[in-house]
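Colleague: Okay, here's the structure, questions in a sec.
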There are 2 protein chains.
Amino acid sequence: MRLLPHPATENIELTEVLRALSDPVRLEIVARLAVAGEMTCTVAGDDLGVHKSTASHHYRMLREAGVVLTKQVGRLKYMSLRRDDLDRRFPGLLDSVLNSVLGVGRP
Amino acid sequence: MRLLPHPATENIELTEVLRALSDPVRLEIVARLAVAGEMTCTVAGDDLGVHKSTASHHYRMLREAGVVLTKQVGRLKYMSLRRDDLDRRFPGLLDSVLNSVLGVGRP
DNA sequence: TTTATTGTTTGACAACGATCCAACTATACG
DNA sequence: CGTATAGTTGGATCGTTGTCAAACAATAAA
């Protein structure tokens, strides 16, 4: 198991997070991660309506913005929301976004 | 006094709001409006480090995304945050963003 | 070792966006 | 009317981004 490169919590930038969340495809991915927790790229990207290379591009955007954490296990890559990191840095932001997308709050 | 064209509250899209807030210059404008309330474009755009036409471009982005309301009085245009509209549509979102930018909550 | 699975990379392309400059419009003020 | 003020628009430029397709890399399974 190995971790991919991610920005440290204190280096997560608000504008980059907002930018990352401003794409419908990425917002859908984030919503799925919020509901189902950790999941592989294939599952997260199922039926998104975009090519798998496009989805891969979005995974990278999310990771580099500090929104998701990705760890590799074998040939699978598991993504999960960096909820605690985001909440420490921008309190309430992710919750309000998820609330608007999902119509519910934190589980 | 006349109002410029704006999206109705129910037509404000989350991704467009996030996109509008994801630019540093626009975020600074929004922060100023949050602190000082209604202000003219000239005041809101003072010392932003960009050309006035660039600032004008940003005003438009913010207006079309539903973030600000613009009304013209004589040759002045007054901008203000659509706090209530945004809060009804995406509860807590603007507050959390402003909180992260300004380090304080709603006045 | 061959084959299948998982995901990334590279290249190409079109669209968008941030920026500046110059010209323009509209309103107000002498 | 002539001039200053407030802000927008159009053109040009340059970088970014969302997309697909094809090739690739890495790992697991047969």
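How things are named: the first chain in the structure tokens is A, the next is B, and so on; residues count from 1 in each chain; ligands count from 1 in the order shown.
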Residues of chain A within 8 Å of chain B, using only C-alpha atoms, as a ChimeraX atom specification?
Modeller: /A:14-19,21-24,89-93,96-97,99-100
Colleague: What are the DSSP alpha helix (DSSP H) residues of chain A, as an mmCIF file with N, CA and C atoms, in the first residue's frame?
Modeller:
```cif
data_model
loop_
_atom_site.group_PDB
_atom_site.id
_atom_site.type_symbol
_atom_site.label_atom_id
_atom_site.label_comp_id
_atom_site.auth_asym_id
_atom_site.auth_seq_id
_atom_site.Cartn_x
_atom_site.Cartn_y
_atom_site.Cartn_z
ATOM 1 N N LEU A 14 -8.025 27.627 -0.658
ATOM 2 C CA LEU A 14 -9.474 27.762 -0.810
ATOM 3 C C LEU A 14 -9.888 27.862 -2.266
ATOM 4 N N THR A 15 -9.206 28.733 -3.011
ATOM 5 C CA THR A 15 -9.605 28.916 -4.411
ATOM 6 C C THR A 15 -9.446 27.621 -5.206
ATOM 7 N N GLU A 16 -8.444 26.827 -4.862
ATOM 8 C CA GLU A 16 -8.257 25.572 -5.599
ATOM 9 C C GLU A 16 -9.319 24.544 -5.253
ATOM 10 N N VAL A 17 -9.721 24.533 -4.001
ATOM 11 C CA VAL A 17 -10.802 23.630 -3.599
ATOM 12 C C VAL A 17 -12.099 24.019 -4.294
ATOM 13 N N LEU A 18 -12.395 25.314 -4.283
ATOM 14 C CA LEU A 18 -13.621 25.788 -4.935
ATOM 15 C C LEU A 18 -13.577 25.473 -6.430
ATOM 16 N N ARG A 19 -12.427 25.679 -7.012
ATOM 17 C CA ARG A 19 -12.260 25.374 -8.439
ATOM 18 C C ARG A 19 -12.485 23.886 -8.694
ATOM 19 N N ALA A 20 -11.924 23.061 -7.838
ATOM 20 C CA ALA A 20 -12.071 21.617 -8.003
ATOM 21 C C ALA A 20 -13.531 21.198 -7.898
ATOM 22 N N LEU A 21 -14.264 21.852 -7.025
ATOM 23 C CA LEU A 21 -15.661 21.485 -6.804
ATOM 24 C C LEU A 21 -16.600 22.111 -7.824
ATOM 25 N N PRO A 24 -19.151 19.807 -12.678
ATOM 26 C CA PRO A 24 -20.251 18.874 -12.383
ATOM 27 C C PRO A 24 -19.786 17.429 -12.224
ATOM 28 N N VAL A 25 -18.867 17.005 -13.074
ATOM 29 C CA VAL A 25 -18.373 15.625 -12.982
ATOM 30 C C VAL A 25 -17.643 15.415 -11.664
ATOM 31 N N ARG A 26 -16.782 16.361 -11.310
ATOM 32 C CA ARG A 26 -16.038 16.222 -10.061
ATOM 33 C C ARG A 26 -16.959 16.306 -8.856
ATOM 34 N N LEU A 27 -17.960 17.168 -8.950
ATOM 35 C CA LEU A 27 -18.900 17.289 -7.837
ATOM 36 C C LEU A 27 -19.665 15.988 -7.632
ATOM 37 N N GLU A 28 -19.982 15.322 -8.720
ATOM 38 C CA GLU A 28 -20.657 14.023 -8.631
ATOM 39 C C GLU A 28 -19.746 12.981 -7.975
ATOM 40 N N ILE A 29 -18.495 12.982 -8.352
ATOM 41 C CA ILE A 29 -17.535 12.064 -7.736
ATOM 42 C C ILE A 29 -17.457 12.308 -6.231
ATOM 43 N N VAL A 30 -17.359 13.580 -5.875
ATOM 44 C CA VAL A 30 -17.275 13.940 -4.455
ATOM 45 C C VAL A 30 -18.535 13.502 -3.717
ATOM 46 N N ALA A 31 -19.673 13.677 -4.349
ATOM 47 C CA ALA A 31 -20.933 13.267 -3.719
ATOM 48 C C ALA A 31 -20.950 11.755 -3.486
ATOM 49 N N ARG A 32 -20.482 11.010 -4.449
ATOM 50 C CA ARG A 32 -20.431 9.549 -4.295
ATOM 51 C C ARG A 32 -19.503 9.153 -3.154
ATOM 52 N N LEU A 33 -18.357 9.820 -3.088
ATOM 53 C CA LEU A 33 -17.414 9.515 -2.011
ATOM 54 C C LEU A 33 -18.021 9.857 -0.654
ATOM 55 N N ALA A 34 -18.802 10.913 -0.626
ATOM 56 C CA ALA A 34 -19.424 11.327 0.634
ATOM 57 C C ALA A 34 -20.428 10.278 1.103
ATOM 58 N N VAL A 35 -21.134 9.703 0.150
ATOM 59 C CA VAL A 35 -22.167 8.730 0.493
ATOM 60 C C VAL A 35 -21.563 7.360 0.810
ATOM 61 N N ALA A 36 -20.664 6.917 -0.062
ATOM 62 C CA ALA A 36 -20.184 5.540 0.038
ATOM 63 C C ALA A 36 -18.840 5.399 0.730
ATOM 64 N N CYS A 41 -11.314 4.016 -8.066
ATOM 65 C CA CYS A 41 -11.563 4.933 -9.170
ATOM 66 C C CYS A 41 -12.634 4.380 -10.104
ATOM 67 N N THR A 42 -12.550 3.113 -10.401
ATOM 68 C CA THR A 42 -13.513 2.509 -11.319
ATOM 69 C C THR A 42 -14.941 2.651 -10.807
ATOM 70 N N VAL A 43 -15.131 2.373 -9.534
ATOM 71 C CA VAL A 43 -16.465 2.499 -8.957
ATOM 72 C C VAL A 43 -16.902 3.961 -8.916
ATOM 73 N N ALA A 44 -15.995 4.824 -8.481
ATOM 74 C CA ALA A 44 -16.323 6.250 -8.380
ATOM 75 C C ALA A 44 -16.650 6.839 -9.742
ATOM 76 N N LYS A 52 -12.759 7.224 -19.584
ATOM 77 C CA LYS A 52 -12.026 6.905 -18.366
ATOM 78 C C LYS A 52 -10.785 7.770 -18.195
ATOM 79 N N SER A 53 -10.208 8.199 -19.309
ATOM 80 C CA SER A 53 -9.045 9.093 -19.192
ATOM 81 C C SER A 53 -9.467 10.468 -18.688
ATOM 82 N N THR A 54 -10.663 10.876 -19.078
ATOM 83 C CA THR A 54 -11.198 12.137 -18.558
ATOM 84 C C THR A 54 -11.449 12.018 -17.057
ATOM 85 N N ALA A 55 -12.026 10.895 -16.665
ATOM 86 C CA ALA A 55 -12.257 10.660 -15.235
ATOM 87 C C ALA A 55 -10.935 10.681 -14.478
ATOM 88 N N SER A 56 -9.934 10.046 -15.041
ATOM 89 C CA SER A 56 -8.621 10.014 -14.407
ATOM 90 C C SER A 56 -8.080 11.429 -14.214
ATOM 91 N N HIS A 57 -8.292 12.244 -15.222
ATOM 92 C CA HIS A 57 -7.906 13.658 -15.124
ATOM 93 C C HIS A 57 -8.602 14.337 -13.937
ATOM 94 N N HIS A 58 -9.866 14.025 -13.746
ATOM 95 C CA HIS A 58 -10.614 14.629 -12.643
ATOM 96 C C HIS A 58 -10.131 14.114 -11.288
ATOM 97 N N TYR A 59 -9.778 12.836 -11.218
ATOM 98 C CA TYR A 59 -9.238 12.306 -9.960
ATOM 99 C C TYR A 59 -7.998 13.097 -9.558
ATOM 100 N N ARG A 60 -7.199 13.371 -10.569
ATOM 101 C CA ARG A 60 -5.975 14.107 -10.300
ATOM 102 C C ARG A 60 -6.256 15.519 -9.813
ATOM 103 N N MET A 61 -7.187 16.194 -10.461
ATOM 104 C CA MET A 61 -7.577 17.552 -10.040
ATOM 105 C C MET A 61 -8.004 17.542 -8.572
ATOM 106 N N LEU A 62 -8.843 16.578 -8.246
ATOM 107 C CA LEU A 62 -9.365 16.491 -6.875
ATOM 108 C C LEU A 62 -8.237 16.222 -5.880
ATOM 109 N N ARG A 63 -7.331 15.355 -6.270
ATOM 110 C CA ARG A 63 -6.228 15.014 -5.381
ATOM 111 C C ARG A 63 -5.295 16.202 -5.192
ATOM 112 N N GLU A 64 -4.928 16.857 -6.300
ATOM 113 C CA GLU A 64 -3.985 17.975 -6.217
ATOM 114 C C GLU A 64 -4.586 19.190 -5.520
ATOM 115 N N ALA A 65 -5.879 19.301 -5.546
ATOM 116 C CA ALA A 65 -6.531 20.411 -4.835
ATOM 117 C C ALA A 65 -6.649 20.102 -3.346
ATOM 118 N N ARG A 83 -12.188 14.803 4.556
ATOM 119 C CA ARG A 83 -13.179 15.567 5.324
ATOM 120 C C ARG A 83 -12.557 16.310 6.491
ATOM 121 N N ASP A 84 -11.783 15.616 7.295
ATOM 122 C CA ASP A 84 -11.224 16.253 8.485
ATOM 123 C C ASP A 84 -10.244 17.364 8.112
ATOM 124 N N ASP A 85 -9.410 17.083 7.128
ATOM 125 C CA ASP A 85 -8.450 18.104 6.693
ATOM 126 C C ASP A 85 -9.173 19.341 6.169
ATOM 127 N N LEU A 86 -10.171 19.105 5.339
ATOM 128 C CA LEU A 86 -10.914 20.235 4.765
ATOM 129 C C LEU A 86 -11.668 20.990 5.840
ATOM 130 N N ASP A 87 -12.203 20.240 6.800
ATOM 131 C CA ASP A 87 -12.986 20.889 7.833
ATOM 132 C C ASP A 87 -12.114 21.697 8.791
ATOM 133 N N ARG A 88 -10.895 21.239 8.973
ATOM 134 C CA ARG A 88 -9.988 21.990 9.832
ATOM 135 C C ARG A 88 -9.580 23.280 9.139
ATOM 136 N N ARG A 89 -9.378 23.170 7.857
ATOM 137 C CA ARG A 89 -8.878 24.323 7.099
ATOM 138 C C ARG A 89 -10.006 25.293 6.738
ATOM 139 N N LEU A 93 -17.293 24.262 5.093
ATOM 140 C CA LEU A 93 -17.389 24.411 3.632
ATOM 141 C C LEU A 93 -17.874 23.132 2.948
ATOM 142 N N LEU A 94 -17.182 22.049 3.192
ATOM 143 C CA LEU A 94 -17.553 20.806 2.525
ATOM 144 C C LEU A 94 -18.966 20.373 2.911
ATOM 145 N N ASP A 95 -19.285 20.528 4.179
ATOM 146 C CA ASP A 95 -20.635 20.164 4.627
ATOM 147 C C ASP A 95 -21.708 20.945 3.873
ATOM 148 N N SER A 96 -21.500 22.231 3.716
ATOM 149 C CA SER A 96 -22.526 23.030 3.044
ATOM 150 C C SER A 96 -22.638 22.640 1.579
ATOM 151 N N VAL A 97 -21.511 22.329 0.958
ATOM 152 C CA VAL A 97 -21.547 21.905 -0.440
ATOM 153 C C VAL A 97 -22.281 20.572 -0.562
ATOM 154 N N LEU A 98 -21.903 19.620 0.304
ATOM 155 C CA LEU A 98 -22.548 18.306 0.248
ATOM 156 C C LEU A 98 -24.030 18.407 0.563
ATOM 157 N N ASN A 99 -24.331 19.271 1.505
ATOM 158 C CA ASN A 99 -25.725 19.503 1.859
ATOM 159 C C ASN A 99 -26.523 19.972 0.647
ATOM 160 N N SER A 100 -25.932 20.860 -0.126
ATOM 161 C CA SER A 100 -26.626 21.381 -1.309
ATOM 162 C C SER A 100 -26.736 20.329 -2.394
ATOM 163 N N VAL A 101 -25.748 19.477 -2.491
ATOM 164 C CA VAL A 101 -25.747 18.471 -3.547
ATOM 165 C C VAL A 101 -26.639 17.288 -3.179
ATOM 166 N N LEU A 102 -26.523 16.867 -1.928
ATOM 167 C CA LEU A 102 -27.216 15.648 -1.512
ATOM 168 C C LEU A 102 -28.529 15.908 -0.795
#
```
Colleague: Using only C-alpha atoms (C1' of nucleotides), I'd like every residue of chain D that has an atom within 10 Å of chain A; please write them out as number ranges by chain.
Modeller: D: 18-21, 26-28
Colleague: With only C-alpha atoms (C1' of nucleotides) considered, list every residue of chain C at most 9 Å from chain B, as number ranges by chain.
Modeller: C: 18-20, 26-28
Colleague: So that I have them on file, write out the residues from the current selection with N, CA, C and O atoms (P, O5', C5', C4', C3', O3' and C1' of nucleotides), as a CSV table (one decimal), in the first residue's frame.
Modeller:
```csv
chain,number,residue,atom,x,y,z
C,18,DA,P,-11.6,33.8,-15.1
C,18,DA,O5',-10.2,34.6,-14.9
C,18,DA,C5',-9.0,33.9,-15.0
C,18,DA,C4',-7.9,34.9,-15.4
C,18,DA,C3',-8.2,36.3,-15.0
C,18,DA,O3',-7.0,36.8,-14.5
C,18,DA,C1',-7.8,36.2,-17.3
C,19,DT,P,-6.9,38.3,-13.8
C,19,DT,O5',-6.3,39.2,-15.0
C,19,DT,C5',-5.0,38.8,-15.5
C,19,DT,C4',-4.7,39.6,-16.8
C,19,DT,C3',-5.1,41.0,-16.8
C,19,DT,O3',-4.0,41.8,-16.3
C,19,DT,C1',-5.6,39.9,-18.9
C,20,DC,P,-4.2,43.4,-16.2
C,20,DC,O5',-3.9,43.9,-17.6
C,20,DC,C5',-2.7,43.5,-18.3
C,20,DC,C4',-2.7,44.1,-19.7
C,20,DC,C3',-3.0,45.6,-19.8
C,20,DC,O3',-1.9,46.3,-20.5
C,20,DC,C1',-4.4,44.4,-21.2
C,26,DA,P,-25.6,54.7,-25.1
C,26,DA,O5',-25.7,55.2,-23.6
C,26,DA,C5',-25.3,54.3,-22.5
C,26,DA,C4',-25.1,55.1,-21.3
C,26,DA,C3',-26.0,56.3,-21.2
C,26,DA,O3',-26.6,56.3,-19.9
C,26,DA,C1',-23.8,56.9,-20.8
C,27,DT,P,-27.9,57.1,-19.6
C,27,DT,O5',-27.6,58.0,-18.4
C,27,DT,C5',-26.8,57.4,-17.3
C,27,DT,C4',-25.9,58.5,-16.8
C,27,DT,C3',-26.5,59.8,-16.4
C,27,DT,O3',-26.6,59.9,-15.0
C,27,DT,C1',-24.4,60.1,-17.3
C,28,DA,P,-27.4,61.1,-14.2
C,28,DA,O5',-26.2,62.1,-13.9
C,28,DA,C5',-25.2,61.7,-13.1
C,28,DA,C4',-24.0,62.7,-13.1
C,28,DA,C3',-24.4,64.1,-12.7
C,28,DA,O3',-23.5,64.6,-11.7
C,28,DA,C1',-23.2,64.2,-14.7
```
Colleague: Excluding same-chain residues fewer than 5 positions from Lys77 of chain B, what lies within 10 Å of it counting only C-alpha atoms (C1' of nucleotides), as a list in words?
Modeller: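 So the residues in contact are Met1, Arg2, Leu3, Leu4, Glu38, Met39, Thr40, Cys41, Thr42, Leu69, Thr70, Lys71 and Gln72 of chain B; DA6 and DG7 of chain D.
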Colleague: Would you return as a ChimeraX atom specification the members of segment 53-95 of chain B that DSSP assigns to strand (DSSP E) on this structure's backbone?
Modeller: /B:68-73,76-81
Colleague: Store the residues picked out above, limited to all heavy atoms, as a CSV table (one decimal), in the first residue's frame.
Modeller:
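Output file part33.csv follows:
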```
chain,number,residue,atom,x,y,z
B,68,VAL,N,-23.6,38.4,-6.9
B,68,VAL,CA,-23.9,39.8,-6.5
B,68,VAL,C,-25.1,40.3,-7.3
B,68,VAL,O,-25.5,39.8,-8.3
B,68,VAL,CB,-22.6,40.7,-6.8
B,68,VAL,CG1,-21.4,40.1,-6.2
B,68,VAL,CG2,-22.4,40.8,-8.3
B,69,LEU,N,-25.7,41.3,-6.7
B,69,LEU,CA,-26.7,42.1,-7.3
B,69,LEU,C,-26.2,43.5,-7.7
B,69,LEU,O,-25.5,44.1,-6.9
B,69,LEU,CB,-27.9,42.2,-6.3
B,69,LEU,CG,-29.2,42.8,-6.9
B,69,LEU,CD1,-30.4,42.1,-6.4
B,69,LEU,CD2,-29.3,44.3,-6.4
B,70,THR,N,-26.5,43.9,-8.9
B,70,THR,CA,-26.0,45.2,-9.4
B,70,THR,C,-27.2,46.1,-9.8
B,70,THR,O,-28.0,45.7,-10.5
B,70,THR,CB,-25.1,45.0,-10.6
B,70,THR,OG1,-24.1,44.0,-10.3
B,70,THR,CG2,-24.4,46.3,-11.0
B,71,LYS,N,-27.2,47.3,-9.2
B,71,LYS,CA,-28.2,48.2,-9.6
B,71,LYS,C,-27.5,49.5,-10.0
B,71,LYS,O,-26.5,50.0,-9.4
B,71,LYS,CB,-29.2,48.5,-8.6
B,71,LYS,CG,-28.7,48.8,-7.2
B,71,LYS,CD,-29.9,48.9,-6.2
B,71,LYS,CE,-29.4,48.9,-4.8
B,71,LYS,NZ,-30.5,49.0,-3.8
B,72,GLN,N,-28.0,50.1,-11.0
B,72,GLN,CA,-27.4,51.3,-11.6
B,72,GLN,C,-28.2,52.5,-11.1
B,72,GLN,O,-29.4,52.6,-11.1
B,72,GLN,CB,-27.5,51.3,-13.1
B,72,GLN,CG,-26.9,52.5,-13.8
B,72,GLN,CD,-26.5,52.3,-15.2
B,72,GLN,OE1,-26.8,51.2,-15.7
B,72,GLN,NE2,-25.9,53.3,-15.8
B,73,VAL,N,-27.5,53.5,-10.6
B,73,VAL,CA,-28.0,54.8,-10.1
B,73,VAL,C,-27.2,55.9,-10.8
B,73,VAL,O,-26.0,56.1,-10.4
B,73,VAL,CB,-28.0,54.9,-8.6
B,73,VAL,CG1,-28.6,56.2,-8.2
B,73,VAL,CG2,-28.6,53.7,-7.9
B,76,LEU,N,-23.4,55.5,-11.7
B,76,LEU,CA,-22.8,54.6,-10.8
B,76,LEU,C,-23.5,53.2,-10.8
B,76,LEU,O,-24.7,53.1,-11.0
B,76,LEU,CB,-22.8,55.1,-9.4
B,76,LEU,CG,-22.1,56.4,-9.1
B,76,LEU,CD1,-22.2,56.9,-7.7
B,76,LEU,CD2,-20.6,56.4,-9.6
B,77,LYS,N,-22.7,52.2,-10.5
B,77,LYS,CA,-23.3,50.9,-10.4
B,77,LYS,C,-23.0,50.3,-9.0
B,77,LYS,O,-21.8,50.2,-8.7
B,77,LYS,CB,-22.8,49.9,-11.5
B,77,LYS,CG,-23.4,50.3,-12.8
B,77,LYS,CD,-23.1,49.3,-13.9
B,77,LYS,CE,-23.8,49.7,-15.2
B,77,LYS,NZ,-23.4,48.8,-16.3
B,78,TYR,N,-24.0,50.0,-8.3
B,78,TYR,CA,-23.8,49.5,-6.9
B,78,TYR,C,-23.9,48.0,-6.9
B,78,TYR,O,-24.9,47.4,-7.4
B,78,TYR,CB,-24.8,50.1,-6.0
B,78,TYR,CG,-24.6,51.6,-5.7
B,78,TYR,CD1,-25.2,52.6,-6.5
B,78,TYR,CD2,-23.8,52.0,-4.7
B,78,TYR,CE1,-25.0,53.9,-6.3
B,78,TYR,CE2,-23.6,53.4,-4.4
B,78,TYR,CZ,-24.2,54.3,-5.3
B,78,TYR,OH,-23.9,55.6,-5.0
B,79,MET,N,-22.9,47.4,-6.3
B,79,MET,CA,-23.0,45.9,-6.2
B,79,MET,C,-23.2,45.6,-4.7
B,79,MET,O,-22.7,46.3,-3.8
B,79,MET,CB,-21.6,45.3,-6.6
B,79,MET,CG,-21.4,45.3,-8.1
B,79,MET,SD,-19.9,44.3,-8.5
B,79,MET,CE,-18.7,45.3,-7.6
B,80,SER,N,-23.9,44.5,-4.5
B,80,SER,CA,-24.0,43.9,-3.2
B,80,SER,C,-24.1,42.4,-3.2
B,80,SER,O,-24.5,41.9,-4.3
B,80,SER,CB,-25.3,44.5,-2.5
B,80,SER,OG,-26.4,44.2,-3.3
B,81,LEU,N,-23.8,41.7,-2.2
B,81,LEU,CA,-23.8,40.3,-2.1
B,81,LEU,C,-25.3,39.8,-2.0
B,81,LEU,O,-26.1,40.4,-1.3
B,81,LEU,CB,-23.1,39.8,-0.9
B,81,LEU,CG,-21.6,39.6,-1.0
B,81,LEU,CD1,-21.0,39.0,0.3
B,81,LEU,CD2,-21.2,38.8,-2.2
```
Colleague: Which polymer residues have any atom within 12 Å of an atom of DA22 of chain D, counting only C-alpha atoms (C1' of nucleotides), with same-chain residues fewer than 4 positions away left out, as a PDB file with C-alpha atoms (C1' of nucleotides), in the first residue's frame?
Modeller:
```pdb
ATOM      1  CA  SER A  53      -9.045   9.093 -19.192  1.00  0.00           C
TER       2      SER A  53
ATOM      3  C1'  DT C   9      -0.123   9.435 -19.909  1.00  0.00           C
ATOM      4  C1'  DT C  10       0.302  11.706 -24.201  1.00  0.00           C
ATOM      5  C1'  DG C  11      -1.398  14.112 -28.040  1.00  0.00           C
ATOM      6  C1'  DA C  12      -4.869  16.642 -30.297  1.00  0.00           C
TER       7       DA C  12
END
```
Colleague: Got a sec: who's within 12 Å of DC16 of chain C, counting only C-alpha atoms (C1' of nucleotides), leaving out chain neighbours fewer than 6 positions off, as a PyMOL selection string?
Modeller: chain D and resi 15-18
Colleague: Go ahead and write the selection's residues with N, CA, C and O atoms (P, O5', C5', C4', C3', O3' and C1' of nucleotides) as a tab-separated table (two decimals), in the first residue's frame.
Modeller:
```
chain	number	residue	atom	x	y	z
D	15	DG	P	1.88	31.59	-22.56
D	15	DG	O5'	1.18	30.77	-21.38
D	15	DG	C5'	0.77	31.45	-20.20
D	15	DG	C4'	-0.55	30.87	-19.70
D	15	DG	C3'	-0.53	29.37	-19.43
D	15	DG	O3'	-0.86	29.16	-18.07
D	15	DG	C1'	-2.45	29.98	-20.67
D	16	DT	P	-0.80	27.66	-17.51
D	16	DT	O5'	-2.33	27.27	-17.47
D	16	DT	C5'	-3.27	28.18	-16.91
D	16	DT	C4'	-4.67	27.65	-17.04
D	16	DT	C3'	-4.82	26.17	-16.66
D	16	DT	O3'	-5.93	26.06	-15.79
D	16	DT	C1'	-5.76	26.57	-18.78
D	17	DT	P	-6.26	24.68	-15.08
D	17	DT	O5'	-7.42	24.11	-16.01
D	17	DT	C5'	-8.55	24.92	-16.30
D	17	DT	C4'	-9.53	24.13	-17.15
D	17	DT	C3'	-9.57	22.64	-16.85
D	17	DT	O3'	-10.87	22.17	-17.09
D	17	DT	C1'	-9.11	22.94	-19.08
D	18	DG	P	-11.66	21.36	-16.03
D	18	DG	O5'	-12.79	20.59	-16.86
D	18	DG	C5'	-13.62	21.31	-17.74
D	18	DG	C4'	-13.93	20.45	-18.96
D	18	DG	C3'	-14.07	18.95	-18.70
D	18	DG	O3'	-15.26	18.48	-19.33
D	18	DG	C1'	-12.50	19.33	-20.42
```
